[in-house]
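Asker: Can you read through this structure? Questions will come right after.
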Amino acid sequence: MNLTDAWYDKNTRWPLLLQPLEWLYCSLAKSQKRKKLAQQWQPPCPLIVVGNITVGGTGKSPLTIELIDILQRQGYKVGVVSRGYKAKIERFPHQVTVHDETAQVGDEPLMIVKRTQVNLVIDPNRVRACQYLLANNDCDVIISDDGLQHYAMGRDIEICVVDSARGLGNGHCMPVGPLRELPSRLQSVDYIIQNGIKLDGKEPDSKKPDSKKQNNKILPWLNQQGLAPCFNMQLKPLAWQQLNTEQILSFDQFNQLISDNSYQVSAFAGIGNPQRFFNSVEELGIHAKTQSFADHYQYSAADFAQLNDKSVLCMTEKDAVKCENYVPAQSYYLKIAAQLEPDFIQRLCEQLKKVTEQKRA
């Protein structure tokens with residue numbers, strides 16, 4: 001069992017051997033937070049942070065994409081900033097375009113730009129990214145994709161996303177557990193979004209493999225006084241999009257394609273929680289050979305060498321932006337959309353309107 005798996009297994013205790021390092025991590029993080037808050041830059045327009053307090057994927061980017069769409073329909077001129085994890089661009093800040101390569105700008109920023117055509121700037125220094133975004137674009141609200149712990153960047157609204165299946169793991173900070181900050185941080189954000197809970201309040205099917213690790217989830221916390229308002233989010237599959245073409249197949253059309261041609265299906269995922277994607281593929285009636293890769297994995301042609309003319313490859317949209325030059329013809333990514341509770345959308349828009357009026361005043 002590796003360290004990441006141990007974080008989410010209630011019967012595993014050996015990570016506690018690393019507790020002195022956890023104490024050191026918490027001490028340094030507290031010191032850095034105090035220092036950054038003392039010199040925090042305040043943006044001239046509203047800034048919304050979409051982040052988490054755990055290491056790994058929780059669904060921040062799909063939520064960011066949905067918020068971009070919601071706010072644009074409200075008439076806002078939205079801009080986005082991101083760290084650009086693993087970006088190797090020669091110079092920061094950099095405004096991402098659809099013609100960039102993931103190796104230079106990172107997979108999530110490029111995915112967001114291709115999906116929404118939003119103005120997006122990457123820079124490990126998010127303050128500098130915000131300033132560049134405002135100086136070079138017509139923008140009246142900023143969304144920071146991640147950056148909850150980037151305290152040098154002032155913010156008006158904080159949204160913390162939690163994976164409902166994995167929750168807060170063992171409740172410890174790194175390296176004993178998956179937390180970037182203590183669970184008490186959930187008392188100071190504006191909203192908690194539980195990813196993976198259906199909007200009718202039901203939890204994922206307990207028969208699914210992902211549910212085996214639902215022992216230390218966030219749900220018990222929600223009954224405690226002082227926590228931020230909590231809402232559910234569900235990632236809804238929309239269709240299969242063929243890579244390098246405009247062809248979109250419904251789920252029935254995709255399954256018929258596989259059946260008519262006796263294709264063998266392989267599912268690849270290089271995301272924070274690959275099992276979530278594999279569960280979605282299974283729920284769509286597809287029996288696939290699965291293979292997971294590290295989050296933000298950079299693919300090469302060798303990763304697809306075992307596929308042949310009778311193979312169909314399924315992947316996430318985040319993987320698709322890194323695979324266009326390597327994959328076989330019959331390769332598809334799953335288009336998804338974040339479904340949010342109407343009450344959350346209403347409350348967020350009302351709060352944003354108030355913040356906008358205060359900034360203008």
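In the structure tokens, each chain is lettered A, B, ... as it comes, each chain's residues begin at 1, and ligands are numbered from 1 in order of appearance.
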Could you give me, as number ranges by chain, the residues within 12 Å of Trp23 (chain A), counting only C-alpha atoms and dropping anything in the same chain fewer than 6 positions from it?
Answerer: A: 16-17, 29-30, 172-177, 181-182
Asker: Set the distance at 8 Å and use only C-alpha atoms: which residues neighbour Met233 (chain A) once local chain neighbours fewer than 5 positions away are removed? I'd like the list as a ChimeraX atom specification.
Answerer: /A:193-199,338-341
Asker: Please produce a file of those selected residues containing N, CA and C atoms, as a short mmCIF file (atom, residue, chain, number, x, y, z; two decimals), in the first residue's frame.
Answerer:
data_model
loop_
_atom_site.label_atom_id
_atom_site.label_comp_id
_atom_site.auth_asym_id
_atom_site.auth_seq_id
_atom_site.Cartn_x
_atom_site.Cartn_y
_atom_site.Cartn_z
N ILE A 193 -18.49 22.52 -1.34
CA ILE A 193 -19.15 21.78 -2.40
C ILE A 193 -18.72 20.33 -2.31
N GLN A 194 -19.71 19.43 -2.10
CA GLN A 194 -19.43 18.00 -2.05
C GLN A 194 -19.58 17.42 -3.46
N ASN A 195 -18.49 17.00 -4.03
CA ASN A 195 -18.52 16.42 -5.36
C ASN A 195 -18.79 14.92 -5.27
N GLY A 196 -19.83 14.47 -5.95
CA GLY A 196 -20.14 13.05 -5.97
C GLY A 196 -21.43 12.71 -5.26
N ILE A 197 -22.09 13.70 -4.69
CA ILE A 197 -23.41 13.48 -4.09
C ILE A 197 -24.47 13.97 -5.07
N LYS A 198 -25.40 13.11 -5.41
CA LYS A 198 -26.44 13.50 -6.35
C LYS A 198 -27.27 14.63 -5.78
N LEU A 199 -27.87 15.41 -6.64
CA LEU A 199 -28.61 16.59 -6.19
C LEU A 199 -29.86 16.23 -5.40
N ALA A 338 -20.72 19.91 -14.65
CA ALA A 338 -20.98 19.95 -13.21
C ALA A 338 -22.40 20.43 -12.98
N GLN A 339 -23.21 19.62 -12.34
CA GLN A 339 -24.56 20.01 -11.95
C GLN A 339 -24.53 20.54 -10.53
N LEU A 340 -25.09 21.74 -10.34
CA LEU A 340 -25.06 22.41 -9.05
C LEU A 340 -26.46 22.67 -8.54
N GLU A 341 -26.60 22.76 -7.24
CA GLU A 341 -27.90 23.05 -6.65
C GLU A 341 -28.30 24.50 -6.96
#
Asker: Env of Gly154 (chain A): 6 Å cut, atoms = only C-alpha atoms, seq-sep filter 5 positions within chain, self excluded. Answer as a list in words.
Answerer: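 After dropping sequence-adjacent residues, the list is Gln40, Trp41 and Gln42 of chain A.
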Asker: Print the selection's residues with C-alpha atoms to a file, as a PDB file, in the first residue's frame.
Answerer:
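Output (selection29.pdb):
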ATOM      1  CA  GLN A  40      -1.971  40.507   0.857  1.00  0.00           C
ATOM      2  CA  TRP A  41      -2.797  42.150  -2.477  1.00  0.00           C
ATOM      3  CA  GLN A  42      -6.435  43.188  -2.887  1.00  0.00           C
TER       4      GLN A  42
END
Asker: Going by DSSP on the backbone, which residues of region 35-187 of chain A come out as strand (DSSP E)? List them as a ChimeraX atom specification.
Answerer: /A:47-51,78-82,94-95,119-122,141-145,157-163
Asker: Please produce a file of the residues just selected, as a PDB file, in the first residue's frame, where the atoms kept are C-alpha atoms.
Answerer:
ATOM      1  CA  LEU A  47     -12.170  37.376  -6.995  1.00  0.00           C
ATOM      2  CA  ILE A  48     -13.541  33.872  -6.418  1.00  0.00           C
ATOM      3  CA  VAL A  49     -11.212  31.071  -5.328  1.00  0.00           C
ATOM      4  CA  VAL A  50     -12.207  27.505  -6.213  1.00  0.00           C
ATOM      5  CA  GLY A  51      -9.910  25.280  -4.176  1.00  0.00           C
ATOM      6  CA  VAL A  78     -14.883  36.476 -16.526  1.00  0.00           C
ATOM      7  CA  GLY A  79     -11.139  35.946 -16.348  1.00  0.00           C
ATOM      8  CA  VAL A  80      -9.319  32.983 -14.827  1.00  0.00           C
ATOM      9  CA  VAL A  81      -5.917  32.580 -13.192  1.00  0.00           C
ATOM     10  CA  SER A  82      -4.139  29.313 -12.547  1.00  0.00           C
ATOM     11  CA  HIS A  94       1.466  33.717 -19.824  1.00  0.00           C
ATOM     12  CA  GLN A  95      -2.009  33.972 -21.317  1.00  0.00           C
ATOM     13  CA  ASN A 119      -9.182  34.660 -20.874  1.00  0.00           C
ATOM     14  CA  LEU A 120      -6.847  32.622 -18.658  1.00  0.00           C
ATOM     15  CA  VAL A 121      -3.394  33.504 -17.325  1.00  0.00           C
ATOM     16  CA  ILE A 122      -0.962  31.080 -15.702  1.00  0.00           C
ATOM     17  CA  VAL A 141     -14.568  39.138 -12.109  1.00  0.00           C
ATOM     18  CA  ILE A 142     -11.688  36.708 -11.586  1.00  0.00           C
ATOM     19  CA  ILE A 143     -11.896  33.006 -10.805  1.00  0.00           C
ATOM     20  CA  SER A 144      -8.783  31.389  -9.373  1.00  0.00           C
ATOM     21  CA  ASP A 145      -8.654  27.706 -10.317  1.00  0.00           C
ATOM     22  CA  ILE A 157     -15.422  34.447  -2.079  1.00  0.00           C
ATOM     23  CA  GLU A 158     -13.924  31.058  -1.201  1.00  0.00           C
ATOM     24  CA  ILE A 159     -15.386  27.790  -2.475  1.00  0.00           C
ATOM     25  CA  CYS A 160     -13.868  24.584  -1.113  1.00  0.00           C
ATOM     26  CA  VAL A 161     -14.509  21.383  -3.080  1.00  0.00           C
ATOM     27  CA  VAL A 162     -14.505  18.049  -1.231  1.00  0.00           C
ATOM     28  CA  ASP A 163     -14.600  14.585  -2.791  1.00  0.00           C
TER      29      ASP A 163
END
Asker: With a distance cut-off of 10 Å and only C-alpha atoms, select the neighbouring residues of Asp123 (chain A), excluding the residue or stretch itself and same-chain residues fewer than 5 positions from it, and output the selection as a list in words.
Answerer: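 Those residues are Val81, Ser82, Arg83, Gly84, Tyr85, Ala87, Ile89, Arg91, Phe92, Pro93, His94, Gln95, Val105, Arg128, Ala129, Cys130 and Tyr132 of chain A.
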